[in-house]
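Chemist: Next comes the structure file upload.tsv, holding TSV, C-alpha atoms.
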chain	number	residue	atom	x	y	z
A	697	MET	CA	16.41	-19.23	1.17
A	698	LEU	CA	18.46	-18.90	-2.03
A	699	TYR	CA	20.25	-15.88	-0.61
A	700	HIS	CA	21.38	-17.85	2.44
A	701	LEU	CA	22.24	-20.91	0.33
A	702	PHE	CA	24.43	-18.97	-2.11
A	703	HIS	CA	25.95	-16.96	0.71
A	704	TRP	CA	27.08	-20.29	2.18
A	705	LEU	CA	28.33	-21.46	-1.23
A	706	GLU	CA	30.54	-18.37	-1.47
A	707	GLY	CA	32.85	-20.06	1.00
A	708	TYR	CA	33.45	-22.81	-1.59
A	709	ASP	CA	34.14	-20.35	-4.43
A	710	VAL	CA	31.09	-21.47	-6.43
A	711	PRO	CA	30.94	-19.33	-9.62
A	712	GLY	CA	28.08	-16.80	-9.58
A	713	ALA	CA	27.32	-17.24	-5.89
A	714	ARG	CA	28.20	-13.62	-5.15
A	715	LEU	CA	25.40	-12.41	-7.43
A	716	PHE	CA	22.94	-12.94	-4.60
A	717	ASP	CA	24.83	-10.40	-2.50
A	718	TYR	CA	23.68	-7.66	-4.87
A	719	LEU	CA	20.37	-6.10	-3.98
A	720	THR	CA	19.73	-5.02	-7.57
A	721	PHE	CA	20.15	-8.60	-8.84
A	722	ARG	CA	17.80	-10.09	-6.27
A	723	SER	CA	15.24	-7.32	-6.79
A	724	GLY	CA	15.25	-7.79	-10.57
A	725	PHE	CA	15.02	-11.55	-10.11
A	726	ALA	CA	12.08	-11.09	-7.69
A	727	LEU	CA	10.28	-8.84	-10.17
A	728	VAL	CA	10.60	-11.33	-13.03
A	729	LEU	CA	9.78	-14.34	-10.85
A	730	SER	CA	6.68	-12.75	-9.31
A	731	LEU	CA	5.47	-11.69	-12.75
A	732	PHE	CA	5.99	-15.23	-14.05
A	733	ILE	CA	4.20	-16.80	-11.07
A	734	SER	CA	1.19	-14.47	-11.20
A	735	ILE	CA	0.65	-14.94	-14.93
A	736	ASN	CA	1.24	-18.69	-15.02
A	737	SER	CA	-0.55	-19.59	-11.80
A	738	GLY	CA	-3.37	-17.14	-12.50
A	739	LYS	CA	-5.15	-19.24	-15.12
A	740	HIS	CA	-5.12	-22.33	-12.88
A	741	ILE	CA	-6.33	-20.45	-9.81
A	742	ILE	CA	-9.09	-18.76	-11.83
A	743	GLU	CA	-10.33	-22.15	-13.04
A	744	TRP	CA	-10.20	-23.45	-9.47
A	745	LEU	CA	-12.25	-20.48	-8.25
A	746	LYS	CA	-14.81	-21.01	-11.03
A	747	ARG	CA	-15.24	-24.68	-10.18
A	748	ARG	CA	-16.09	-23.71	-6.62
A	749	SER	CA	-18.50	-20.97	-7.73
A	750	MET	CA	-16.59	-18.21	-5.94
A	751	SER	CA	-18.18	-15.43	-7.97
A	752	ASP	CA	-18.96	-11.79	-7.23
A	753	THR	CA	-22.52	-10.69	-8.03
A	754	GLU	CA	-22.38	-7.42	-6.11
A	755	ARG	CA	-20.16	-5.68	-8.64
A	756	SER	CA	-22.37	-6.40	-11.65
A	757	ASP	CA	-25.35	-4.96	-9.78
A	758	ALA	CA	-23.46	-1.83	-8.78
A	759	MET	CA	-22.21	-1.23	-12.30
A	760	GLY	CA	-25.67	-1.25	-13.72
A	761	GLY	CA	-26.45	-4.91	-14.16
A	762	ASN	CA	-23.57	-5.58	-16.55
A	763	ALA	CA	-24.06	-9.19	-17.53
A	764	SER	CA	-20.45	-9.55	-18.64
A	765	LYS	CA	-19.35	-9.26	-14.99
A	766	SER	CA	-21.87	-11.73	-13.66
A	767	GLY	CA	-20.21	-14.94	-12.52
A	768	THR	CA	-16.69	-13.48	-12.54
A	769	PRO	CA	-14.77	-15.25	-9.76
A	770	THR	CA	-13.48	-13.30	-6.79
A	771	MET	CA	-10.73	-14.06	-4.22
A	772	GLY	CA	-8.18	-13.54	-7.00
A	773	GLY	CA	-5.98	-11.89	-4.41
A	774	ILE	CA	-4.69	-15.41	-3.76
A	775	ILE	CA	-2.72	-15.04	-7.01
A	776	ILE	CA	-1.06	-11.86	-5.78
A	777	LEU	CA	-0.42	-13.35	-2.36
A	778	ILE	CA	1.43	-16.37	-3.77
A	779	ALA	CA	3.34	-14.26	-6.30
A	780	ILE	CA	4.65	-12.01	-3.50
A	781	LEU	CA	5.46	-14.61	-0.88
A	782	VAL	CA	7.32	-17.13	-3.06
A	783	PRO	CA	9.95	-14.70	-4.49
A	784	CYS	CA	10.44	-13.06	-1.08
A	785	LEU	CA	10.98	-16.41	0.65
A	786	LEU	CA	13.39	-17.52	-2.07
A	787	LEU	CA	15.33	-14.31	-2.67
A	788	GLY	CA	14.89	-12.22	0.46
A	789	ARG	CA	17.07	-12.16	3.54
A	790	LEU	CA	14.99	-13.95	6.14
A	791	ASP	CA	17.22	-12.64	8.91
A	792	ASN	CA	16.24	-9.06	8.06
A	793	VAL	CA	13.61	-7.65	10.42
A	794	TYR	CA	12.19	-5.36	7.72
A	795	MET	CA	11.55	-8.28	5.38
A	796	LEU	CA	10.04	-10.38	8.18
A	797	LEU	CA	7.61	-7.60	9.08
A	798	MET	CA	6.48	-7.29	5.46
A	799	LEU	CA	5.97	-11.04	5.17
A	800	ILE	CA	3.89	-11.02	8.37
A	801	THR	CA	1.87	-8.08	7.03
A	802	THR	CA	1.20	-9.83	3.74
A	803	VAL	CA	-0.05	-13.01	5.40
A	804	TRP	CA	-1.94	-11.14	8.13
A	805	CYS	CA	-3.89	-8.86	5.78
A	806	GLY	CA	-4.30	-11.62	3.18
A	807	LEU	CA	-5.97	-13.89	5.74
A	808	LEU	CA	-8.17	-11.03	6.93
A	809	GLY	CA	-9.32	-10.35	3.38
A	810	PHE	CA	-9.79	-14.07	2.68
A	811	ALA	CA	-12.03	-14.39	5.76
A	812	ASP	CA	-14.09	-11.44	4.53
A	813	ASP	CA	-14.46	-12.88	1.01
A	814	TYR	CA	-15.28	-16.33	2.37
A	815	ASP	CA	-18.07	-14.88	4.51
A	816	LYS	CA	-19.52	-13.07	1.49
A	817	VAL	CA	-19.33	-15.99	-0.94
A	818	PHE	CA	-20.20	-18.99	1.22
A	819	ASN	CA	-22.20	-17.49	4.08
A	820	HIS	CA	-23.93	-15.01	1.75
A	821	HIS	CA	-23.30	-12.05	4.07
A	822	LYS	CA	-23.30	-9.03	1.77
A	823	GLU	CA	-21.03	-6.95	4.03
A	824	GLY	CA	-18.66	-9.81	4.89
A	825	ILE	CA	-17.28	-10.11	8.39
A	826	LYS	CA	-18.27	-7.37	10.83
A	827	GLY	CA	-16.36	-4.13	10.51
A	828	LYS	CA	-15.22	-4.24	14.13
A	829	TYR	CA	-13.32	-7.48	13.50
A	830	LYS	CA	-11.50	-5.88	10.56
A	831	ILE	CA	-10.58	-2.89	12.69
A	832	ILE	CA	-9.36	-5.14	15.51
A	833	ALA	CA	-7.11	-7.02	13.07
A	834	GLN	CA	-5.77	-3.78	11.58
A	835	VAL	CA	-5.16	-2.30	15.03
A	836	GLY	CA	-3.34	-5.49	16.01
A	837	LEU	CA	-1.07	-5.25	12.98
A	838	GLY	CA	-0.30	-1.59	13.65
A	839	ILE	CA	0.64	-2.43	17.25
A	840	ILE	CA	2.90	-5.31	16.16
A	841	VAL	CA	4.74	-3.08	13.69
A	842	ALA	CA	5.17	-0.21	16.17
A	843	ILE	CA	6.37	-2.45	19.02
A	844	THR	CA	8.82	-4.26	16.75
A	845	MET	CA	10.25	-0.98	15.52
A	846	TYR	CA	10.60	0.15	19.12
A	847	VAL	CA	12.29	-2.94	20.57
A	848	SER	CA	14.31	-4.30	17.64
A	849	PRO	CA	17.99	-3.27	17.85
A	850	ALA	CA	18.24	-3.68	14.06
A	851	ILE	CA	15.80	-0.85	13.35
A	852	VAL	CA	17.76	2.38	13.68
A	853	MET	CA	18.42	5.48	11.62
A	854	HIS	CA	21.05	8.16	10.99
A	855	GLU	CA	19.68	11.68	11.07
A	856	ASN	CA	20.47	14.01	8.19
A	857	VAL	CA	21.79	17.46	9.08
A	858	SER	CA	22.82	20.54	7.09
A	859	VAL	CA	26.38	21.80	7.54
A	860	GLU	CA	28.21	24.65	5.85
A	861	ASN	CA	31.36	23.80	3.95
A	862	ALA	CA	34.01	26.26	5.18
A	863	ARG	CA	35.95	26.04	1.92
A	864	THR	CA	33.11	26.44	-0.60
A	865	GLN	CA	30.67	28.31	1.66
A	866	GLU	CA	27.95	25.96	0.45
A	867	THR	CA	25.48	23.97	2.53
A	868	GLU	CA	26.00	20.22	2.43
A	869	ILE	CA	23.89	17.35	3.73
A	870	VAL	CA	25.64	14.85	5.97
A	871	HIS	CA	24.42	12.06	8.23
A	872	LYS	CA	25.31	11.73	11.89
A	873	THR	CA	27.74	8.88	12.48
A	874	GLU	CA	25.79	7.59	15.48
A	875	ALA	CA	22.80	5.35	14.74
A	876	VAL	CA	19.82	6.28	16.89
A	877	LYS	CA	16.46	4.72	17.70
A	878	ILE	CA	13.98	7.58	17.76
A	879	PRO	CA	10.34	7.89	16.63
A	880	ALA	CA	11.13	10.12	13.67
A	881	SER	CA	9.60	10.40	10.23
A	882	THR	CA	10.12	12.27	6.99
A	883	ILE	CA	7.86	15.25	6.26
A	884	PRO	CA	7.95	17.59	3.26
A	885	PHE	CA	8.48	21.35	3.03
A	886	VAL	CA	10.70	21.74	6.12
A	887	LYS	CA	14.46	21.90	6.63
A	888	ASN	CA	16.05	18.42	6.71
A	889	HIS	CA	12.55	16.90	6.36
A	890	ASN	CA	12.64	15.36	9.84
A	891	PHE	CA	9.84	15.19	12.36
A	892	ASN	CA	10.32	13.57	15.76
A	893	TYR	CA	7.14	12.46	17.51
A	894	SER	CA	8.91	13.11	20.81
A	895	TYR	CA	8.67	16.84	20.06
A	896	PHE	CA	5.24	16.92	21.73
A	897	PHE	CA	6.58	15.35	24.92
A	898	LYS	CA	9.55	17.50	25.85
A	899	TRP	CA	7.86	18.00	29.22
A	900	ALA	CA	8.33	14.27	29.90
A	901	GLY	CA	12.11	14.63	30.19
A	902	ASP	CA	13.90	11.28	29.90
A	903	HIS	CA	10.62	9.61	28.96
A	904	ALA	CA	9.99	11.83	25.93
A	905	ASP	CA	11.16	9.21	23.43
A	906	THR	CA	8.97	6.53	25.03
A	907	CYS	CA	5.95	8.82	24.79
A	908	GLY	CA	6.93	9.59	21.20
A	909	TRP	CA	6.93	5.91	20.34
A	910	PHE	CA	3.47	5.60	21.88
A	911	LEU	CA	2.24	8.39	19.60
A	912	PHE	CA	3.96	6.69	16.67
A	913	ALA	CA	2.03	3.49	17.50
A	914	LEU	CA	-1.25	5.40	17.30
A	915	VAL	CA	-0.22	6.87	13.96
A	916	ALA	CA	0.77	3.38	12.73
A	917	ILE	CA	-2.64	2.01	13.69
A	918	PHE	CA	-4.39	4.83	11.83
A	919	VAL	CA	-2.18	4.50	8.74
A	920	VAL	CA	-2.70	0.73	8.49
A	921	ALA	CA	-6.47	1.02	8.86
A	922	ALA	CA	-6.84	4.04	6.56
A	923	VAL	CA	-4.66	2.84	3.68
A	924	SER	CA	-5.90	-0.75	3.83
A	925	ASN	CA	-9.54	0.31	3.76
A	926	GLY	CA	-8.80	2.99	1.17
A	927	ALA	CA	-7.38	0.39	-1.21
A	928	ASN	CA	-10.40	-1.77	-0.50
A	929	LEU	CA	-12.76	1.03	-1.51
A	930	MET	CA	-10.88	1.59	-4.79
A	931	ASP	CA	-11.42	-2.03	-5.79
A	932	GLY	CA	-14.58	-1.69	-7.82
A	933	VAL	CA	-13.50	-1.13	-11.43
A	934	ASP	CA	-11.46	-3.63	-13.41
A	935	GLY	CA	-7.75	-3.10	-12.83
A	936	GLN	CA	-8.10	0.18	-10.95
A	937	ALA	CA	-6.95	-0.75	-7.43
A	938	THR	CA	-4.32	-3.16	-8.75
A	939	GLY	CA	-2.69	-0.58	-11.00
A	940	VAL	CA	-2.79	2.25	-8.47
A	941	CYS	CA	-1.22	0.05	-5.78
A	942	ALA	CA	1.53	-0.98	-8.23
A	943	ILE	CA	2.29	2.68	-9.02
A	944	ASN	CA	2.36	3.60	-5.33
A	945	MET	CA	4.72	0.75	-4.52
A	946	VAL	CA	7.10	1.74	-7.32
A	947	ALA	CA	7.36	5.19	-5.74
A	948	LEU	CA	7.89	3.70	-2.27
A	949	ALA	CA	10.51	1.30	-3.65
A	950	VAL	CA	12.51	4.22	-5.04
A	951	MET	CA	12.25	6.03	-1.71
A	952	CYS	CA	13.31	2.86	0.08
A	953	TYR	CA	16.36	2.40	-2.14
A	954	LEU	CA	17.36	6.03	-1.59
A	955	SER	CA	16.79	5.82	2.18
A	956	GLY	CA	18.89	2.67	2.41
A	957	ASN	CA	21.84	4.26	0.60
A	958	VAL	CA	23.85	6.80	2.57
A	959	ILE	CA	24.90	8.74	-0.56
A	960	TYR	CA	21.50	8.95	-2.26
A	961	SER	CA	19.67	9.72	0.99
A	962	GLY	CA	22.04	12.66	1.44
A	963	TYR	CA	21.18	13.97	-2.02
A	964	LEU	CA	17.44	13.81	-1.29
A	965	ASN	CA	18.08	15.22	2.22
A	966	ILE	CA	16.31	12.41	4.06
A	967	MET	CA	17.35	10.16	6.92
A	968	TYR	CA	19.57	7.16	6.25
A	969	ILE	CA	18.02	3.85	7.38
A	970	PRO	CA	20.56	1.00	7.42
A	971	ASN	CA	19.45	-2.43	6.14
A	972	SER	CA	16.08	-1.09	4.93
A	973	GLY	CA	17.21	-1.58	1.33
A	974	GLU	CA	16.18	-5.23	1.65
A	975	LEU	CA	12.60	-4.02	1.31
A	976	VAL	CA	13.30	-3.28	-2.36
A	977	VAL	CA	13.19	-7.05	-2.94
A	978	TYR	CA	9.71	-7.12	-1.42
A	979	ALA	CA	8.62	-4.09	-3.44
A	980	ALA	CA	9.85	-5.72	-6.67
A	981	ALA	CA	7.86	-8.87	-5.90
A	982	PHE	CA	4.82	-6.71	-5.06
A	983	VAL	CA	5.01	-4.82	-8.36
A	984	GLY	CA	5.58	-7.98	-10.39
A	985	ALA	CA	2.63	-9.70	-8.71
A	986	THR	CA	0.23	-6.80	-9.28
A	987	VAL	CA	1.29	-6.21	-12.88
A	988	GLY	CA	0.95	-9.94	-13.56
A	989	PHE	CA	-2.50	-9.91	-11.98
A	990	LEU	CA	-3.52	-7.12	-14.36
A	991	TRP	CA	-3.08	-9.69	-17.13
A	992	TYR	CA	-6.38	-11.17	-15.94
A	993	ASN	CA	-7.88	-8.24	-14.03
A	994	PHE	CA	-7.88	-5.50	-16.66
A	995	HIS	CA	-11.18	-4.85	-18.44
A	996	PRO	CA	-12.97	-7.14	-19.07
A	997	ALA	CA	-11.78	-8.81	-15.88
A	998	GLU	CA	-11.49	-12.59	-15.74
A	999	VAL	CA	-11.13	-12.42	-11.97
A	1000	PHE	CA	-11.59	-9.91	-9.15
A	1001	MET	CA	-9.00	-9.65	-6.39
A	1002	GLY	CA	-11.66	-9.33	-3.69
A	1003	ASP	CA	-10.79	-8.25	-0.17
A	1004	THR	CA	-8.13	-10.97	-0.16
A	1005	GLY	CA	-6.14	-8.75	-2.48
A	1006	SER	CA	-7.27	-5.20	-1.72
A	1007	LEU	CA	-6.88	-5.33	2.07
A	1008	MET	CA	-3.51	-7.02	1.66
A	1009	LEU	CA	-2.20	-4.53	-0.91
A	1010	GLY	CA	-3.30	-1.53	1.14
A	1011	GLY	CA	-1.91	-3.00	4.35
A	1012	ALA	CA	1.44	-3.73	2.68
A	1013	ILE	CA	1.72	-0.16	1.35
A	1014	ALA	CA	0.90	1.22	4.81
A	1015	VAL	CA	3.45	-0.90	6.71
A	1016	PHE	CA	6.10	-0.39	4.01
A	1017	SER	CA	5.77	3.39	4.39
A	1018	LEU	CA	6.01	3.12	8.19
A	1019	LEU	CA	9.18	1.03	8.01
A	1020	ILE	CA	10.95	3.54	5.78
A	1021	ARG	CA	9.57	6.45	7.85
A	1022	LYS	CA	7.57	7.98	4.98
A	1023	GLU	CA	4.02	7.71	6.37
A	1024	TRP	CA	3.51	11.49	6.24
A	1025	LEU	CA	3.98	11.41	2.46
A	1026	LEU	CA	1.01	9.05	2.03
A	1027	PRO	CA	-1.72	11.76	1.96
A	1028	LEU	CA	-0.19	12.91	-1.33
A	1029	LEU	CA	1.18	9.64	-2.71
A	1030	CYS	CA	-2.00	7.73	-1.84
A	1031	GLY	CA	-4.24	10.75	-2.34
A	1032	LEU	CA	-6.63	8.71	-4.46
A	1033	PHE	CA	-7.32	6.42	-1.49
A	1034	LEU	CA	-8.16	9.51	0.55
A	1035	VAL	CA	-10.53	10.87	-2.10
A	1036	TRP	CA	-12.28	7.51	-2.43
A	1037	ALA	CA	-12.74	7.22	1.33
A	1038	LEU	CA	-14.08	10.77	1.55
A	1039	SER	CA	-16.53	10.11	-1.29
A	1040	ASP	CA	-17.95	7.17	0.65
A	1041	ILE	CA	-18.17	9.12	3.91
A	1042	LEU	CA	-19.78	12.18	2.30
A	1043	GLN	CA	-22.27	10.02	0.42
A	1044	VAL	CA	-23.51	8.56	3.69
A	1045	GLN	CA	-23.55	11.88	5.54
A	1046	VAL	CA	-25.47	13.76	2.83
A	1047	ARG	CA	-28.11	11.05	2.74
A	1048	LYS	CA	-28.39	10.97	6.54
A	1049	TRP	CA	-28.79	14.74	6.67
A	1050	HIS	CA	-31.66	14.72	4.20
A	1051	ILE	CA	-33.41	11.83	5.92
A	1052	SER	CA	-32.97	13.34	9.41
A	1053	ASN	CA	-34.58	16.56	8.14
A	1054	LYS	CA	-37.48	14.51	6.71
A	1055	MET	CA	-36.54	15.32	3.16
A	1056	LYS	CA	-36.57	12.98	0.19
A	1057	ASP	CA	-33.69	10.58	-0.46
A	1058	VAL	CA	-30.94	12.78	-1.90
A	1059	ARG	CA	-27.29	11.74	-2.20
A	1060	LEU	CA	-24.09	13.42	-3.22
A	1061	LEU	CA	-23.13	11.00	-6.02
A	1062	ARG	CA	-24.92	8.62	-8.31
A	1063	MET	CA	-23.34	5.90	-6.23
A	1064	ALA	CA	-20.35	5.58	-3.94
A	1065	PRO	CA	-17.43	4.96	-3.89
A	1066	LEU	CA	-16.42	7.52	-6.48
A	1067	HIS	CA	-15.74	5.23	-9.45
A	1068	HIS	CA	-19.39	4.15	-9.55
A	1069	HIS	CA	-20.43	7.77	-10.04
A	1070	PHE	CA	-18.36	8.00	-13.23
A	1071	VAL	CA	-18.94	4.60	-14.83
A	1072	MET	CA	-22.40	3.62	-13.58
A	1073	THR	CA	-24.63	2.86	-16.54
A	1074	ARG	CA	-28.07	2.49	-14.99
A	1075	LYS	CA	-30.11	5.45	-13.75
A	1076	PRO	CA	-30.37	5.47	-9.95
A	1077	ASP	CA	-33.70	5.58	-8.11
A	1078	TRP	CA	-32.64	8.58	-6.05
A	1079	GLU	CA	-31.66	12.18	-6.69
A	1080	TYR	CA	-28.01	13.19	-6.49
A	1081	LEU	CA	-26.32	16.56	-6.20
A	1082	ILE	CA	-23.29	16.20	-8.49
A	1083	LYS	CA	-24.67	15.79	-12.02
A	1084	LYS	CA	-21.43	15.64	-14.03
A	1085	PRO	CA	-20.47	13.72	-15.99
A	1086	LEU	CA	-23.80	13.70	-17.80
A	1087	LYS	CA	-22.92	10.42	-19.51
A	1088	PRO	CA	-21.02	7.46	-18.01
A	1089	ILE	CA	-17.34	7.16	-18.88
A	1090	ALA	CA	-16.08	3.92	-20.38
A	1091	GLU	CA	-14.32	1.80	-17.77
A	1092	GLU	CA	-11.07	1.53	-19.71
A	1093	LYS	CA	-10.83	5.29	-20.22
A	1094	PHE	CA	-11.67	6.02	-16.59
A	1095	VAL	CA	-9.07	3.57	-15.26
A	1096	MET	CA	-6.34	4.92	-17.54
A	1097	ARG	CA	-7.06	8.45	-16.32
A	1098	ILE	CA	-6.81	7.24	-12.73
A	1099	PHE	CA	-3.43	5.64	-13.53
A	1100	LEU	CA	-2.20	8.95	-14.94
A	1101	ILE	CA	-3.34	10.79	-11.82
A	1102	ALA	CA	-1.59	8.21	-9.62
A	1103	ILE	CA	1.65	8.69	-11.57
A	1104	MET	CA	1.40	12.48	-11.24
A	1105	LEU	CA	0.84	12.17	-7.48
A	1106	ALA	CA	3.90	9.92	-7.21
A	1107	VAL	CA	6.05	12.47	-9.05
A	1108	LEU	CA	4.71	15.31	-6.89
A	1109	THR	CA	5.57	13.33	-3.77
A	1110	PHE	CA	9.24	13.35	-4.76
A	1111	VAL	CA	9.07	17.01	-5.76
A	1112	THR	CA	7.88	17.98	-2.25
A	1113	LEU	CA	11.13	16.65	-0.82
A	1114	LYS	CA	13.11	19.19	-2.82
A	1115	ILE	CA	10.92	22.13	-1.74
A	1116	ARG	CA	11.80	23.63	1.63
Using the file provided, produce a representation of the structure as structure tokens.
Modeler:
Amino acid sequence: MLYHLFHWLEGYDVPGARLFDYLTFRSGFALVLSLFISINSGKHIIEWLKRRSMSDTERSDAMGGNASKSGTPTMGGIIILIAILVPCLLLGRLDNVYMLLMLITTVWCGLLGFADDYDKVFNHHKEGIKGKYKIIAQVGLGIIVAITMYVSPAIVMHENVSVENARTQETEIVHKTEAVKIPASTIPFVKNHNFNYSYFFKWAGDHADTCGWFLFALVAIFVVAAVSNGANLMDGVDGQATGVCAINMVALAVMCYLSGNVIYSGYLNIMYIPNSGELVVYAAAFVGATVGFLWYNFHPAEVFMGDTGSLMLGGAIAVFSLLIRKEWLLPLLCGLFLVWALSDILQVQVRKWHISNKMKDVRLLRMAPLHHHFVMTRKPDWEYLIKKPLKPIAEEKFVMRIFLIAIMLAVLTFVTLKIR
């Protein structure tokens, strides 16, 4: 809103109105504003949640009956939701399709998580809403994003190509002058880092691109579901999911800024995506909101984000990566989500195998997802295969180590783009 207001005021030569034309100014403003909103609204929302007895008892049981966590309110993701939406609505360009898709994603996944938390807290359903309803919602979001990217004339890209400079005999990266709408993405380790989904459908002739977009839609559905649920699984130790999502979004914000700048995208040898730079405003609000939430969520947590926050944060990271065509970098950038999801899957499969073979209850970990294995204080009633660590790790130490790993993965993600 403020962007459009000050853009209108430029016509009247109002001093300072042109500041809102600068992406860096609006992004910095969004970061500070979201941080301010999350910290200042947090205490009031936490009190409101306490008065309505919206507490999480499951986590204290999982962590070994830690009394300090008993009665801690959940649904704190509302704080993050507000701290993202308000700066974006005030400072973002609401005529930008990329920004609109991120706002829809934030509300969509936030409402899905809120419904899940509400079912747990008020209807006392331990698992929340049925998994199939979550999947349906995530599939729906993936389809909306893919179709919008396919039909919107504003979503195009300029392919990067390598050319040899006849004068210097050196290879230079340039972008094609013609903007194209193709189902392409950035992948590491290959020349020019481009992968077109239509490659698999050359046999379709003129319909190859259409088939490629269909494949892209399937990938979008998988990415949204996988990353959203992966972030949800990481939310089990104070501050862990919040901090990791903030780190991941910082990396994506840098990639977005580079992709939206024709000069910098050429240096990194990635495709140039016009108008996608507006997403940096969203990313700044996202980072400010999550860092502000850590004010209350770091150990000992005063509030848990619940599925309201975790599903929304994961969904936002997934859609953000799809919009800037970097979804194939997520297995490395969001590698922790992958490890957490695998730990949960393997835990179930190992137990099923032992039970199906009429053996005693044996599991892979002390408890899944993975963080419980490292910080769980009580002795489980079942045998488990991985014995280390022999003693539980303090929550604060474990979370800081996870943050360091997330930072290293983010750095490695950028390094892969310079290896080919």
Chemist: Ranking A:Gly788, A:Gly932, A:Pro970, A:Gly1010 by minimum distance to Ala1064 (chain A) and counting all atoms listed in the file, which one comes first?
Modeler: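 Closest candidate: A:Gly932.
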Chemist: Rank nothing, just name the residue among A:Ser955, A:Arg1047, A:His889, A:Ile1098 nearest to Ile1115 (chain A), using all atoms listed in the file.
Modeler: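 Among the listed residues, A:His889 lies closest to Ile1115 (chain A).
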Chemist: Skip region 741-751 of chain A itself and residues of its chain fewer than 3 positions away, then list as a PyMOL selection string all residues within 7 Å of it, counting all atoms listed in the file.
Modeler: chain A and resi 737-738+767-770+817+999
Chemist: Calculated over all atoms listed in the file, which of the candidates A:Leu1060, A:Ala850, A:Leu975, A:Met930 has the smallest distance to Gln1043 (chain A)?
Modeler: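 For Gln1043 (chain A), the nearest of the candidates is A:Leu1060.
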Chemist: Which distance in Å separates CA of Ser881 (chain A) and CA of Val1111 (chain A), to one decimal?
Modeler: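 Calculated distance between CA of Ser881 (chain A) and CA of Val1111 (chain A) is 17.3 Å.
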Chemist: I'd like the neighbourhood of Tyr963 (chain A) as a CSV table (one decimal) with C-alpha atoms, in the frame of the given file, where a residue qualifies if any of its atoms comes within 12 Å (using only C-alpha atoms), though same-chain residues fewer than 4 positions away should be ignored.
Modeler:
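Just written: result_17.csv:
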chain,number,residue,atom,x,y,z
A,856,ASN,CA,20.5,14.0,8.2
A,857,VAL,CA,21.8,17.5,9.1
A,858,SER,CA,22.8,20.5,7.1
A,867,THR,CA,25.5,24.0,2.5
A,868,GLU,CA,26.0,20.2,2.4
A,869,ILE,CA,23.9,17.4,3.7
A,870,VAL,CA,25.6,14.8,6.0
A,871,HIS,CA,24.4,12.1,8.2
A,888,ASN,CA,16.0,18.4,6.7
A,951,MET,CA,12.2,6.0,-1.7
A,954,LEU,CA,17.4,6.0,-1.6
A,955,SER,CA,16.8,5.8,2.2
A,957,ASN,CA,21.8,4.3,0.6
A,958,VAL,CA,23.8,6.8,2.6
A,959,ILE,CA,24.9,8.7,-0.6
A,967,MET,CA,17.4,10.2,6.9
A,968,TYR,CA,19.6,7.2,6.2
A,1113,LEU,CA,11.1,16.6,-0.8
A,1114,LYS,CA,13.1,19.2,-2.8
Chemist: Residues near region 906-915 of chain A, anyone? I mean within 9 Å using all atoms listed in the file, not counting same-chain ones fewer than 6 positions away, as a PDB file with C-alpha atoms, keeping the file's coordinate frame.
Modeler:
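And here's out_20.pdb as it stands now:
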ATOM      1  CA  VAL A 835      -5.160  -2.300  15.030  1.00  0.00           C
ATOM      2  CA  GLY A 838      -0.300  -1.590  13.650  1.00  0.00           C
ATOM      3  CA  ILE A 839       0.640  -2.430  17.250  1.00  0.00           C
ATOM      4  CA  ILE A 840       2.900  -5.310  16.160  1.00  0.00           C
ATOM      5  CA  VAL A 841       4.740  -3.080  13.690  1.00  0.00           C
ATOM      6  CA  ALA A 842       5.170  -0.210  16.170  1.00  0.00           C
ATOM      7  CA  ILE A 843       6.370  -2.450  19.020  1.00  0.00           C
ATOM      8  CA  TYR A 846      10.600   0.150  19.120  1.00  0.00           C
ATOM      9  CA  ILE A 878      13.980   7.580  17.760  1.00  0.00           C
ATOM     10  CA  PRO A 879      10.340   7.890  16.630  1.00  0.00           C
ATOM     11  CA  ALA A 880      11.130  10.120  13.670  1.00  0.00           C
ATOM     12  CA  ASN A 892      10.320  13.570  15.760  1.00  0.00           C
ATOM     13  CA  TYR A 893       7.140  12.460  17.510  1.00  0.00           C
ATOM     14  CA  SER A 894       8.910  13.110  20.810  1.00  0.00           C
ATOM     15  CA  TYR A 895       8.670  16.840  20.060  1.00  0.00           C
ATOM     16  CA  PHE A 896       5.240  16.920  21.730  1.00  0.00           C
ATOM     17  CA  PHE A 897       6.580  15.350  24.920  1.00  0.00           C
ATOM     18  CA  ALA A 900       8.330  14.270  29.900  1.00  0.00           C
ATOM     19  CA  GLU A1023       4.020   7.710   6.370  1.00  0.00           C
TER      20      GLU A1023
END
Chemist: For CA of Ser730 (chain A) and CA of Phe716 (chain A), determine how far apart the two atoms are, in Å to one decimal place.
Modeler: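 About the pair CA of Ser730 (chain A) and CA of Phe716 (chain A): they are 16.9 Å apart.
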Chemist: Give me the residues near Ile832 (chain A) as a ChimeraX atom specification, where near means some atom within 12 Å (using all atoms listed in the file) and where sequence neighbours in that chain fewer than 3 positions away do not count.
Modeler: /A:805,808,825-829,835-839,917-918,920-921
Chemist: Produce a file of the selected residues containing C-alpha atoms, as a short mmCIF file (atom, residue, chain, number, x, y, z; two decimals), in the frame of the given file.
Modeler:
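See selection20.cif below for the written result:
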data_model
loop_
_atom_site.label_atom_id
_atom_site.label_comp_id
_atom_site.auth_asym_id
_atom_site.auth_seq_id
_atom_site.Cartn_x
_atom_site.Cartn_y
_atom_site.Cartn_z
CA CYS A 805 -3.89 -8.86 5.78
CA LEU A 808 -8.17 -11.03 6.93
CA ILE A 825 -17.28 -10.11 8.39
CA LYS A 826 -18.27 -7.37 10.83
CA GLY A 827 -16.36 -4.13 10.51
CA LYS A 828 -15.22 -4.24 14.13
CA TYR A 829 -13.32 -7.48 13.50
CA VAL A 835 -5.16 -2.30 15.03
CA GLY A 836 -3.34 -5.49 16.01
CA LEU A 837 -1.07 -5.25 12.98
CA GLY A 838 -0.30 -1.59 13.65
CA ILE A 839 0.64 -2.43 17.25
CA ILE A 917 -2.64 2.01 13.69
CA PHE A 918 -4.39 4.83 11.83
CA VAL A 920 -2.70 0.73 8.49
CA ALA A 921 -6.47 1.02 8.86
#
